[in-house]
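S.K.: Sharing model_32.cif here; it has mmCIF, C-alpha atoms.
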```cif
data_target
#
loop_
_atom_site.group_PDB
_atom_site.id
_atom_site.type_symbol
_atom_site.label_atom_id
_atom_site.label_comp_id
_atom_site.auth_asym_id
_atom_site.auth_seq_id
_atom_site.Cartn_x
_atom_site.Cartn_y
_atom_site.Cartn_z
ATOM 1 C CA MET A 1 -14.187 -32.042 20.697
ATOM 2 C CA ASP A 2 -16.490 -30.559 18.015
ATOM 3 C CA LEU A 3 -16.071 -26.879 17.195
ATOM 4 C CA ASP A 4 -19.223 -24.797 16.868
ATOM 5 C CA LEU A 5 -18.478 -22.454 13.949
ATOM 6 C CA ALA A 6 -20.908 -19.864 15.296
ATOM 7 C CA LEU A 7 -18.723 -19.578 18.385
ATOM 8 C CA VAL A 8 -15.577 -19.505 16.269
ATOM 9 C CA ARG A 9 -17.066 -16.712 14.153
ATOM 10 C CA ALA A 10 -17.795 -14.705 17.306
ATOM 11 C CA PHE A 11 -14.190 -15.134 18.409
ATOM 12 C CA VAL A 12 -12.740 -14.118 15.018
ATOM 13 C CA ALA A 13 -14.952 -11.021 14.812
ATOM 14 C CA THR A 14 -13.935 -9.952 18.310
ATOM 15 C CA ALA A 15 -10.258 -10.639 17.627
ATOM 16 C CA GLY A 16 -10.479 -8.437 14.541
ATOM 17 C CA THR A 17 -11.910 -5.430 16.387
ATOM 18 C CA LEU A 18 -10.766 -6.023 19.993
ATOM 19 C CA HIS A 19 -14.064 -4.411 20.915
ATOM 20 C CA PHE A 20 -17.146 -6.398 21.958
ATOM 21 C CA GLY A 21 -19.581 -3.675 20.879
ATOM 22 C CA ARG A 22 -18.198 -3.313 17.337
ATOM 23 C CA ALA A 23 -17.884 -7.066 16.896
ATOM 24 C CA ALA A 24 -21.512 -7.516 17.974
ATOM 25 C CA GLU A 25 -22.591 -4.902 15.405
ATOM 26 C CA ASP A 26 -20.605 -6.682 12.685
ATOM 27 C CA LEU A 27 -22.380 -9.945 13.524
ATOM 28 C CA ASN A 28 -25.791 -8.277 13.861
ATOM 29 C CA THR A 29 -26.224 -9.516 17.413
ATOM 30 C CA SER A 30 -26.209 -8.086 20.925
ATOM 31 C CA GLN A 31 -23.073 -7.574 22.957
ATOM 32 C CA GLN A 32 -24.491 -9.853 25.645
ATOM 33 C CA ALA A 33 -25.077 -12.674 23.155
ATOM 34 C CA LEU A 34 -21.585 -12.231 21.743
ATOM 35 C CA SER A 35 -20.013 -12.377 25.199
ATOM 36 C CA LYS A 36 -21.906 -15.586 25.949
ATOM 37 C CA ARG A 37 -20.617 -17.195 22.740
ATOM 38 C CA ILE A 38 -17.040 -16.268 23.606
ATOM 39 C CA ALA A 39 -17.487 -17.648 27.111
ATOM 40 C CA ARG A 40 -18.890 -20.926 25.751
ATOM 41 C CA LEU A 41 -15.976 -21.275 23.366
ATOM 42 C CA GLU A 42 -13.443 -20.600 26.114
ATOM 43 C CA GLU A 43 -15.172 -23.147 28.343
ATOM 44 C CA SER A 44 -15.161 -25.836 25.655
ATOM 45 C CA LEU A 45 -11.462 -25.201 24.883
ATOM 46 C CA GLY A 46 -10.467 -24.896 28.514
ATOM 47 C CA VAL A 47 -8.477 -21.691 27.944
ATOM 48 C CA ARG A 48 -8.985 -17.940 28.083
ATOM 49 C CA LEU A 49 -8.853 -16.467 24.606
ATOM 50 C CA PHE A 50 -8.945 -12.808 25.696
ATOM 51 C CA GLU A 51 -7.427 -10.766 28.492
ATOM 52 C CA ARG A 52 -10.065 -8.354 29.769
ATOM 53 C CA GLN A 53 -8.193 -5.933 32.030
ATOM 54 C CA GLY A 54 -8.048 -2.332 30.815
ATOM 55 C CA GLY A 55 -9.821 -3.187 27.560
ATOM 56 C CA ILE A 56 -9.458 -6.486 25.762
ATOM 57 C CA ARG A 57 -6.568 -8.137 23.968
ATOM 58 C CA LEU A 58 -5.809 -11.638 22.776
ATOM 59 C CA SER A 59 -4.241 -13.987 25.277
ATOM 60 C CA GLU A 60 -1.328 -16.178 24.245
ATOM 61 C CA ALA A 61 -3.805 -19.001 23.630
ATOM 62 C CA GLY A 62 -5.973 -16.637 21.591
ATOM 63 C CA GLU A 63 -2.996 -15.645 19.443
ATOM 64 C CA ARG A 64 -2.277 -19.317 18.730
ATOM 65 C CA PHE A 65 -5.931 -20.128 18.048
ATOM 66 C CA LEU A 66 -6.699 -17.203 15.707
ATOM 67 C CA PRO A 67 -5.024 -18.418 12.449
ATOM 68 C CA ALA A 68 -6.581 -21.873 12.761
ATOM 69 C CA ALA A 69 -9.959 -20.333 13.610
ATOM 70 C CA ARG A 70 -9.897 -18.273 10.426
ATOM 71 C CA GLU A 71 -8.974 -21.354 8.393
ATOM 72 C CA ALA A 72 -11.846 -23.274 10.001
ATOM 73 C CA LEU A 73 -14.320 -20.580 8.961
ATOM 74 C CA ALA A 74 -12.926 -20.514 5.424
ATOM 75 C CA ALA A 75 -13.225 -24.298 5.215
ATOM 76 C CA GLY A 76 -16.824 -24.049 6.381
ATOM 77 C CA GLU A 77 -17.598 -21.483 3.658
ATOM 78 C CA ARG A 78 -16.040 -23.751 1.033
ATOM 79 C CA ALA A 79 -18.085 -26.700 2.258
ATOM 80 C CA ILE A 80 -21.312 -24.710 1.996
ATOM 81 C CA ALA A 81 -20.376 -23.435 -1.459
ATOM 82 C CA ALA A 82 -19.680 -26.992 -2.631
ATOM 83 C CA VAL A 83 -23.266 -28.067 -2.015
ATOM 84 C CA THR A 84 -25.084 -24.815 -2.795
ATOM 85 C CA GLY A 85 -23.137 -23.951 -5.938
ATOM 86 C CA ALA A 86 -22.803 -20.380 -4.718
ATOM 87 C CA GLY A 87 -19.031 -20.290 -5.120
ATOM 88 C CA PRO A 88 -16.561 -18.887 -2.618
ATOM 89 C CA VAL A 89 -16.453 -15.220 -1.704
ATOM 90 C CA VAL A 90 -13.336 -13.248 -2.661
ATOM 91 C CA ARG A 91 -12.423 -10.576 -0.128
ATOM 92 C CA ILE A 92 -10.244 -7.886 -1.706
ATOM 93 C CA ASP A 93 -8.846 -4.860 0.111
ATOM 94 C CA THR A 94 -7.678 -1.929 -1.996
ATOM 95 C CA TRP A 95 -5.645 1.149 -1.175
ATOM 96 C CA GLY A 96 -4.593 4.314 -2.999
ATOM 97 C CA HIS A 97 -8.263 5.288 -3.102
ATOM 98 C CA LEU A 98 -7.787 8.716 -4.672
ATOM 99 C CA TYR A 99 -6.417 6.854 -7.702
ATOM 100 C CA ALA A 100 -9.599 4.721 -7.988
ATOM 101 C CA PRO A 101 -8.124 1.188 -7.805
ATOM 102 C CA MET A 102 -11.489 -0.537 -8.267
ATOM 103 C CA ARG A 103 -11.785 0.684 -11.874
ATOM 104 C CA THR A 104 -8.872 -1.625 -12.784
ATOM 105 C CA VAL A 105 -10.274 -4.508 -10.738
ATOM 106 C CA ALA A 106 -13.678 -4.080 -12.405
ATOM 107 C CA GLU A 107 -12.175 -4.222 -15.905
ATOM 108 C CA ALA A 108 -10.226 -7.362 -15.078
ATOM 109 C CA VAL A 109 -13.085 -9.320 -13.496
ATOM 110 C CA GLN A 110 -16.002 -8.346 -15.730
ATOM 111 C CA ALA A 111 -15.577 -11.507 -17.817
ATOM 112 C CA LEU A 112 -15.338 -13.856 -14.836
ATOM 113 C CA GLY A 113 -19.068 -14.233 -14.351
ATOM 114 C CA ALA A 114 -20.642 -14.804 -10.964
ATOM 115 C CA VAL A 115 -17.618 -14.305 -8.728
ATOM 116 C CA ARG A 116 -18.815 -13.065 -5.354
ATOM 117 C CA TRP A 117 -16.727 -10.043 -4.364
ATOM 118 C CA GLU A 118 -16.433 -8.358 -0.984
ATOM 119 C CA PRO A 119 -14.366 -5.185 -1.567
ATOM 120 C CA GLY A 120 -12.892 -3.529 1.483
ATOM 121 C CA PRO A 121 -11.068 -0.210 1.934
ATOM 122 C CA GLY A 122 -7.495 -0.530 3.162
ATOM 123 C CA ARG A 123 -5.739 2.443 4.754
ATOM 124 C CA ASP A 124 -2.454 1.817 2.947
ATOM 125 C CA TRP A 125 -0.180 -1.032 1.862
ATOM 126 C CA PRO A 126 1.252 -1.725 5.353
ATOM 127 C CA SER A 127 -2.243 -2.113 6.826
ATOM 128 C CA VAL A 128 -3.417 -4.353 3.946
ATOM 129 C CA ALA A 129 -0.262 -6.458 4.314
ATOM 130 C CA GLN A 130 -1.131 -7.014 7.966
ATOM 131 C CA ALA A 131 -4.714 -7.937 7.036
ATOM 132 C CA LEU A 132 -3.432 -10.483 4.497
ATOM 133 C CA LEU A 133 -1.054 -12.045 7.017
ATOM 134 C CA ARG A 134 -3.825 -12.240 9.634
ATOM 135 C CA GLY A 135 -6.219 -13.828 7.146
ATOM 136 C CA ASP A 136 -8.679 -10.930 7.388
ATOM 137 C CA THR A 137 -8.742 -10.592 3.593
ATOM 138 C CA ASP A 138 -7.877 -12.774 0.597
ATOM 139 C CA LEU A 139 -6.309 -10.300 -1.823
ATOM 140 C CA GLY A 140 -4.822 -6.841 -1.783
ATOM 141 C CA PHE A 141 -4.768 -4.500 -4.757
ATOM 142 C CA GLY A 142 -2.713 -1.326 -5.070
ATOM 143 C CA ARG A 143 0.918 -0.288 -5.403
ATOM 144 C CA VAL A 144 3.129 -2.762 -3.518
ATOM 145 C CA HIS A 145 6.559 -1.747 -2.247
ATOM 146 C CA PRO A 146 9.040 -3.332 0.191
ATOM 147 C CA LEU A 147 8.130 -2.873 3.851
ATOM 148 C CA PRO A 148 10.734 -2.384 6.580
ATOM 149 C CA ASP A 149 11.689 -5.100 9.065
ATOM 150 C CA GLY A 150 10.370 -7.875 6.819
ATOM 151 C CA ARG A 151 6.742 -6.985 7.552
ATOM 152 C CA ASP A 152 5.735 -8.328 4.121
ATOM 153 C CA ALA A 153 7.429 -11.713 4.606
ATOM 154 C CA GLY A 154 5.094 -14.521 3.546
ATOM 155 C CA LEU A 155 3.315 -12.362 0.959
ATOM 156 C CA THR A 156 3.684 -12.550 -2.790
ATOM 157 C CA GLN A 157 2.416 -10.394 -5.607
ATOM 158 C CA ARG A 158 1.671 -10.168 -9.322
ATOM 159 C CA LEU A 159 2.187 -6.959 -11.272
ATOM 160 C CA VAL A 160 -0.956 -6.425 -13.361
ATOM 161 C CA ARG A 161 -0.858 -2.859 -14.655
ATOM 162 C CA LEU A 162 1.622 -0.067 -15.386
ATOM 163 C CA GLU A 163 -0.359 3.153 -15.718
ATOM 164 C CA PRO A 164 1.144 6.357 -17.177
ATOM 165 C CA VAL A 165 1.070 9.323 -14.815
ATOM 166 C CA ASP A 166 0.025 12.869 -15.783
ATOM 167 C CA ALA A 167 0.759 16.192 -14.125
ATOM 168 C CA VAL A 168 -2.389 17.941 -12.870
ATOM 169 C CA VAL A 169 -2.182 21.740 -12.588
ATOM 170 C CA GLY A 170 -4.568 24.587 -11.901
ATOM 171 C CA PRO A 171 -5.727 27.034 -14.570
ATOM 172 C CA SER A 172 -3.216 29.709 -13.467
ATOM 173 C CA HIS A 173 -0.152 27.453 -13.496
ATOM 174 C CA PRO A 174 2.427 28.630 -16.093
ATOM 175 C CA SER A 175 2.288 25.223 -17.815
ATOM 176 C CA ALA A 176 -1.494 24.901 -17.881
ATOM 177 C CA GLY A 177 -1.505 25.316 -21.670
ATOM 178 C CA ALA A 178 1.304 22.857 -22.407
ATOM 179 C CA ASP A 179 0.687 19.814 -24.601
ATOM 180 C CA SER A 180 3.146 17.813 -22.489
ATOM 181 C CA LEU A 181 5.722 18.313 -19.741
ATOM 182 C CA ARG A 182 8.931 16.671 -18.652
ATOM 183 C CA PRO A 183 9.170 15.892 -14.919
ATOM 184 C CA ALA A 184 12.222 18.184 -14.843
ATOM 185 C CA ASP A 185 9.997 21.086 -15.990
ATOM 186 C CA LEU A 186 8.236 20.902 -12.603
ATOM 187 C CA ARG A 187 11.280 21.525 -10.402
ATOM 188 C CA ASP A 188 10.217 25.080 -9.610
ATOM 189 C CA SER A 189 6.637 24.026 -8.803
ATOM 190 C CA VAL A 190 5.139 22.793 -5.531
ATOM 191 C CA LEU A 191 4.157 19.130 -5.362
ATOM 192 C CA TRP A 192 0.813 18.792 -3.579
ATOM 193 C CA CYS A 193 0.436 15.380 -1.935
ATOM 194 C CA PRO A 194 -2.886 13.733 -1.009
ATOM 195 C CA ALA A 195 -1.565 12.513 2.384
ATOM 196 C CA GLU A 196 1.562 12.607 4.522
ATOM 197 C CA LEU A 197 4.519 12.105 2.194
ATOM 198 C CA ASP A 198 6.104 9.392 4.365
ATOM 199 C CA ARG A 199 3.044 7.253 3.561
ATOM 200 C CA LEU A 200 3.253 7.912 -0.206
ATOM 201 C CA ASP A 201 6.143 5.813 -1.457
ATOM 202 C CA PHE A 202 5.607 6.558 -5.156
ATOM 203 C CA LEU A 203 5.311 10.333 -4.768
ATOM 204 C CA ARG A 204 8.309 10.485 -2.440
ATOM 205 C CA ARG A 205 10.479 8.564 -4.924
ATOM 206 C CA PHE A 206 9.171 10.653 -7.828
ATOM 207 C CA ALA A 207 10.027 13.905 -6.047
ATOM 208 C CA ASP A 208 13.471 12.650 -5.053
ATOM 209 C CA GLU A 209 14.264 11.323 -8.537
ATOM 210 C CA PHE A 210 13.361 14.550 -10.326
ATOM 211 C CA ARG A 211 14.657 16.882 -7.595
ATOM 212 C CA ILE A 212 11.327 18.474 -6.775
ATOM 213 C CA THR A 213 12.143 19.970 -3.401
ATOM 214 C CA ARG A 214 9.051 22.068 -2.744
ATOM 215 C CA ARG A 215 6.437 19.710 -1.355
ATOM 216 C CA HIS A 216 3.162 20.181 0.490
ATOM 217 C CA ASP A 217 1.552 17.276 2.319
ATOM 218 C CA GLY A 218 -0.956 16.742 5.118
ATOM 219 C CA PRO A 219 -3.831 14.521 6.186
ATOM 220 C CA ASN A 220 -5.894 12.776 3.526
ATOM 221 C CA LEU A 221 -9.109 14.813 3.446
ATOM 222 C CA GLY A 222 -10.298 13.542 0.084
ATOM 223 C CA LEU A 223 -9.817 14.321 -3.580
ATOM 224 C CA ASP A 224 -11.953 17.475 -3.691
ATOM 225 C CA HIS A 225 -10.009 18.981 -0.786
ATOM 226 C CA LEU A 226 -6.695 18.324 -2.542
ATOM 227 C CA LEU A 227 -7.845 19.697 -5.882
ATOM 228 C CA ARG A 228 -9.387 22.848 -4.407
ATOM 229 C CA HIS A 229 -6.022 23.770 -2.905
ATOM 230 C CA LEU A 230 -4.266 22.855 -6.132
ATOM 231 C CA ARG A 231 -6.602 25.047 -8.166
ATOM 232 C CA ALA A 232 -5.847 28.030 -5.925
ATOM 233 C CA ASP A 233 -2.048 27.634 -6.073
ATOM 234 C CA PRO A 234 -0.498 28.968 -9.303
ATOM 235 C CA GLU A 235 2.730 27.114 -8.489
ATOM 236 C CA GLY A 236 1.150 23.837 -7.453
ATOM 237 C CA PHE A 237 0.808 20.499 -9.194
ATOM 238 C CA THR A 238 0.143 16.895 -8.354
ATOM 239 C CA VAL A 239 0.526 13.688 -10.335
ATOM 240 C CA PHE A 240 -2.348 11.393 -11.153
ATOM 241 C CA PRO A 241 -2.739 8.134 -13.112
ATOM 242 C CA ALA A 242 -3.740 9.036 -16.652
ATOM 243 C CA ASP A 243 -6.991 7.047 -16.711
ATOM 244 C CA ALA A 244 -8.148 7.899 -13.182
ATOM 245 C CA PRO A 245 -11.241 10.119 -13.140
ATOM 246 C CA LEU A 246 -10.940 13.739 -12.037
ATOM 247 C CA PRO A 247 -13.860 16.065 -11.231
ATOM 248 C CA ASP A 248 -14.765 18.065 -14.335
ATOM 249 C CA HIS A 249 -15.883 21.183 -12.416
ATOM 250 C CA MET A 250 -12.499 22.257 -11.045
ATOM 251 C CA GLY A 251 -11.016 23.852 -14.168
ATOM 252 C CA LEU A 252 -7.892 21.747 -13.777
ATOM 253 C CA ARG A 253 -5.633 20.612 -16.595
ATOM 254 C CA SER A 254 -4.163 17.116 -16.886
ATOM 255 C CA VAL A 255 -0.898 17.292 -18.857
ATOM 256 C CA PRO A 256 0.922 14.130 -20.054
ATOM 257 C CA LEU A 257 4.429 13.639 -18.670
ATOM 258 C CA VAL A 258 7.163 12.626 -21.128
ATOM 259 C CA GLU A 259 10.941 12.152 -21.261
ATOM 260 C CA PRO A 260 10.436 10.073 -19.203
ATOM 261 C CA THR A 261 6.838 9.039 -18.568
ATOM 262 C CA PRO A 262 6.396 7.933 -14.926
ATOM 263 C CA LEU A 263 4.448 4.695 -14.524
ATOM 264 C CA TYR A 264 2.324 3.723 -11.524
ATOM 265 C CA ALA A 265 2.562 -0.010 -10.793
ATOM 266 C CA TRP A 266 -0.678 -1.751 -9.737
ATOM 267 C CA SER A 267 -0.298 -5.242 -8.230
ATOM 268 C CA LEU A 268 -2.320 -8.028 -6.676
ATOM 269 C CA ALA A 269 -0.934 -9.367 -3.397
ATOM 270 C CA TRP A 270 -1.801 -12.450 -1.355
ATOM 271 C CA ARG A 271 -0.508 -14.747 1.367
ATOM 272 C CA GLU A 272 1.313 -17.614 -0.311
ATOM 273 C CA SER A 273 0.466 -20.117 2.420
ATOM 274 C CA SER A 274 -3.273 -19.499 2.011
ATOM 275 C CA ARG A 275 -4.088 -19.219 -1.691
ATOM 276 C CA HIS A 276 -7.743 -18.558 -2.435
ATOM 277 C CA PRO A 277 -9.343 -21.305 -4.559
ATOM 278 C CA LEU A 278 -10.199 -18.713 -7.238
ATOM 279 C CA LEU A 279 -6.760 -17.077 -7.279
ATOM 280 C CA ASP A 280 -5.542 -18.714 -10.499
ATOM 281 C CA THR A 281 -8.809 -17.821 -12.243
ATOM 282 C CA LEU A 282 -8.493 -14.214 -11.100
ATOM 283 C CA LEU A 283 -4.882 -13.998 -12.227
ATOM 284 C CA ARG A 284 -5.913 -15.235 -15.663
ATOM 285 C CA GLY A 285 -8.581 -12.532 -15.771
ATOM 286 C CA PHE A 286 -6.051 -9.816 -14.983
ATOM 287 C CA ALA A 287 -3.563 -11.262 -17.490
ATOM 288 C CA GLU A 288 -6.169 -11.267 -20.263
ATOM 289 C CA ALA A 289 -7.219 -7.693 -19.478
ATOM 290 C CA GLY A 290 -3.558 -6.694 -19.468
ATOM 291 C CA ARG A 291 -2.992 -8.189 -22.921
ATOM 292 C CA THR A 292 -6.039 -6.649 -24.553
ATOM 293 C CA ARG A 293 -5.568 -3.222 -22.908
ATOM 294 C CA ARG A 294 -1.745 -3.222 -23.130
ATOM 295 C CA TRP A 295 -1.405 -2.645 -19.401
ATOM 296 C CA LEU A 296 2.148 -3.923 -19.074
ATOM 297 C CA GLU A 297 3.947 -1.983 -21.784
ATOM 298 C CA TYR A 298 7.302 -0.678 -20.552
ATOM 299 C CA ALA A 299 10.250 0.821 -22.449
ATOM 300 C CA PRO A 300 13.260 1.724 -20.264
ATOM 301 C CA HIS A 301 14.371 4.508 -22.651
ATOM 302 C CA ARG A 302 10.908 6.096 -22.521
ATOM 303 C CA ASP A 303 9.416 5.325 -19.124
ATOM 304 C CA TRP A 304 10.383 5.750 -15.464
ATOM 305 C CA LEU A 305 9.677 3.398 -12.577
ATOM 306 C CA PRO A 306 10.951 3.557 -9.010
ATOM 307 C CA ASP A 307 13.860 1.155 -8.494
ATOM 308 C CA THR A 308 11.712 -0.959 -6.177
ATOM 309 C CA ASP A 309 9.275 -1.691 -9.029
ATOM 310 C CA HIS A 310 11.869 -3.072 -11.477
ATOM 311 C CA PRO A 311 12.021 -6.587 -9.886
ATOM 312 C CA LYS A 312 8.290 -6.955 -10.526
ATOM 313 C CA LEU A 313 8.954 -6.651 -14.248
ATOM 314 C CA SER A 314 11.648 -9.320 -14.227
ATOM 315 C CA ARG A 315 9.574 -11.692 -12.114
ATOM 316 C CA PRO A 316 5.965 -11.095 -13.215
ATOM 317 C CA GLY A 317 4.821 -14.371 -11.681
ATOM 318 C CA GLY A 318 5.820 -12.921 -8.328
#
```
Could you show the structure in this file as structure tokens?

M.R.:
Amino acid sequence: MDLDLALVRAFVATAGTLHFGRAAEDLNTSQQALSKRIARLEESLGVRLFERQGGIRLSEAGERFLPAAREALAAGERAIAAVTGAGPVVRIDTWGHLYAPMRTVAEAVQALGAVRWEPGPGRDWPSVAQALLRGDTDLGFGRVHPLPDGRDAGLTQRLVRLEPVDAVVGPSHPSAGADSLRPADLRDSVLWCPAELDRLDFLRRFADEFRITRRHDGPNLGLDHLLRHLRADPEGFTVFPADAPLPDHMGLRSVPLVEPTPLYAWSLAWRESSRHPLLDTLLRGFAEAGRTRRWLEYAPHRDWLPDTDHPKLSRPGG
């Protein structure tokens, strides 16, 4: 049996959305044409790939077929790249968007030349981990932390940057004029969080470590929404990576944290069983950027990391 990759692509797109209309839009085709491709594929394989009662979901055969289907499409892309010289595409999903993860990626890859990137927005680390395990993306970039129930089994990572964290306060905060602050100086302030705190592993561990008990979280409605509330609260603060851009029209003050300085750990993550052909090249690019920009400096007597980030330092090859 010969597989028609156009039919396989229709199946993979539909499996990714579990919605014929959205999959058809992604493939720039009609829903009717997409349904016909799926039907032809099912007929040629002699199995039903989707259950269609009360919506659609993958059948048992579809679940078994999906990983191999993704690998077949990736192999087809590599074959085309080999003869066209275009080079493979690197799909990278990032998370922690308020902290601008792509600025670090851009610095690391600027010397790599004509690498074809397809950036994608991930909701958070658990969702990107699932995308990596499904084969929906090649790399993840953000702060990696252990997931419950072994949901990150099969994934590996490389720590690429430790970024100092500042306190951001409004103009009426008592410490707005300080040259620096210790995390302990913020115990009487209110920590404003950019999303629900149970989704923010770093902020939750920071608040627990430094006994900051007054916390305000809620849905992620964007950076401007967070900073407007912070500006209006004379007791409020948030923490932000030192090099991440902040709007300059808010009248906010970014104050370095010392004794200790919290560090935000940025990592690349990938599925070990499906290494992208450019992975080693990309890792070299991040390593070189880290050396020249001193991204991995860490002094235990000076800096603070969550306990879960310490193993990354001892095993940087991940």

S.K.: What is the distance between CA of Arg116 in chain A and CA of Arg91 in chain A, in Å to one decimal?

M.R.: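 Here the two named atoms are 8.6 Å from each other.
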
S.K.: Counting all atoms listed in the file, which of A:Val160, A:Val90, A:Val109, A:Leu278 gets nearest to Gly290 in chain A?

M.R.: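 Among the listed residues, A:Val160 lies closest to Gly290 in chain A.
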
S.K.: From the set A:Ala61, A:Leu282, A:Val12, A:Ile56, which residue has the shortest atom-to-atom contact distance to Ala74 in chain A, counting only C-alpha atoms?

M.R.: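 Nearest candidate to Ala74 in chain A out of A:Ala61, A:Leu282, A:Val12, A:Ile56: A:Val12.
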
S.K.: Excluding Leu226 in chain A and any residue of its chain fewer than 2 positions from it, enumerate the residues within 10 Å of it, using all atoms listed in the file, and give them as an NGL selection string.

M.R.: :A and (98 or 192-195 or 217-224 or 228-231 or 238)

S.K.: Write out as a PyMOL selection string which residues come within 8 Å of range 172-177 of chain A when counting all atoms listed in the file, dropping same-chain ones fewer than 4 positions away.

M.R.: chain A and resi 181+231+233-236+253+255

S.K.: Would you pick out the contacts of Gly122 in chain A at 7 Å or less, using all atoms listed in the file, so that residues sharing its chain but fewer than 3 positions from it are not included, and give the list as a short mmCIF file (atom, residue, chain, number, x, y, z; two decimals) with C-alpha atoms, in the coordinates of the input?

M.R.:
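Below is the file that was written, result-v1.cif:
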```cif
data_model
loop_
_atom_site.label_atom_id
_atom_site.label_comp_id
_atom_site.auth_asym_id
_atom_site.auth_seq_id
_atom_site.Cartn_x
_atom_site.Cartn_y
_atom_site.Cartn_z
CA ASP A 93 -8.85 -4.86 0.11
CA THR A 94 -7.68 -1.93 -2.00
CA TRP A 95 -5.64 1.15 -1.18
CA SER A 127 -2.24 -2.11 6.83
CA VAL A 128 -3.42 -4.35 3.95
#
```

S.K.: List the residues matched by the PyMOL selection byres ((chain A and resi 155) around 12) in the displayed structure as a PyMOL selection string, ordered by chain and then by residue number.

M.R.: chain A and resi 125-126+128-135+138-140+144-147+150-154+156-158+268-275+318

S.K.: In Å, rounded to a single decimal, give me how far CA of Arg284 in chain A is from CA of Glu107 in chain A.

M.R.: 12.7 Å

S.K.: Quick one: pull the distance between CA of Ser180 in chain A and CA of Arg293 in chain A, Å, one decimal.

M.R.: 22.8 Å

S.K.: On this structure, the PyMOL selection byres ((chain A and resi 100-104) around 10) would catch which residues? List them as number ranges by chain, sorted by chain and number.

M.R.: A: 92-99, 105-109, 119, 141-143, 160-161, 241, 243-246, 266, 286, 289-290

S.K.: Given the PyMOL selection byres ((chain A and resi 67) around 10) and the file above, list the residues it selects as an MDAnalysis selection string.

M.R.: chainID A and resid 12 62:66 68:72 133:136

S.K.: Taking (-20.7, -11.2, 1.9) as a centre in this file's frame and 8 Å as the limit, can you find every polymer residue with an atom that close, using only C-alpha atoms, and give them as a list in words?

M.R.: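 Output of the proximity query reads Val89, Arg116, Trp117 and Glu118 of chain A.
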
S.K.: Take the selection from the previous step and output its residues with C-alpha atoms, as a short mmCIF file (atom, residue, chain, number, x, y, z; two decimals), in the frame of the given file.

M.R.:
```cif
data_model
loop_
_atom_site.label_atom_id
_atom_site.label_comp_id
_atom_site.auth_asym_id
_atom_site.auth_seq_id
_atom_site.Cartn_x
_atom_site.Cartn_y
_atom_site.Cartn_z
CA VAL A 89 -16.45 -15.22 -1.70
CA ARG A 116 -18.82 -13.06 -5.35
CA TRP A 117 -16.73 -10.04 -4.36
CA GLU A 118 -16.43 -8.36 -0.98
#
```

S.K.: For Asp303 in chain A, work out the shell of residues within 9 Å, counting only C-alpha atoms and skipping chain neighbours fewer than 3 positions away, then give it as an mmCIF file with C-alpha atoms, keeping the file's coordinate frame.

M.R.:
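And here is the file that came out, selection.cif:
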```cif
data_model
loop_
_atom_site.group_PDB
_atom_site.id
_atom_site.type_symbol
_atom_site.label_atom_id
_atom_site.label_comp_id
_atom_site.auth_asym_id
_atom_site.auth_seq_id
_atom_site.Cartn_x
_atom_site.Cartn_y
_atom_site.Cartn_z
ATOM 1 C CA PRO A 164 1.144 6.357 -17.177
ATOM 2 C CA VAL A 258 7.163 12.626 -21.128
ATOM 3 C CA GLU A 259 10.941 12.152 -21.261
ATOM 4 C CA PRO A 260 10.436 10.073 -19.203
ATOM 5 C CA THR A 261 6.838 9.039 -18.568
ATOM 6 C CA PRO A 262 6.396 7.933 -14.926
ATOM 7 C CA LEU A 263 4.448 4.695 -14.524
ATOM 8 C CA TYR A 298 7.302 -0.678 -20.552
ATOM 9 C CA ALA A 299 10.250 0.821 -22.449
ATOM 10 C CA PRO A 300 13.260 1.724 -20.264
#
```
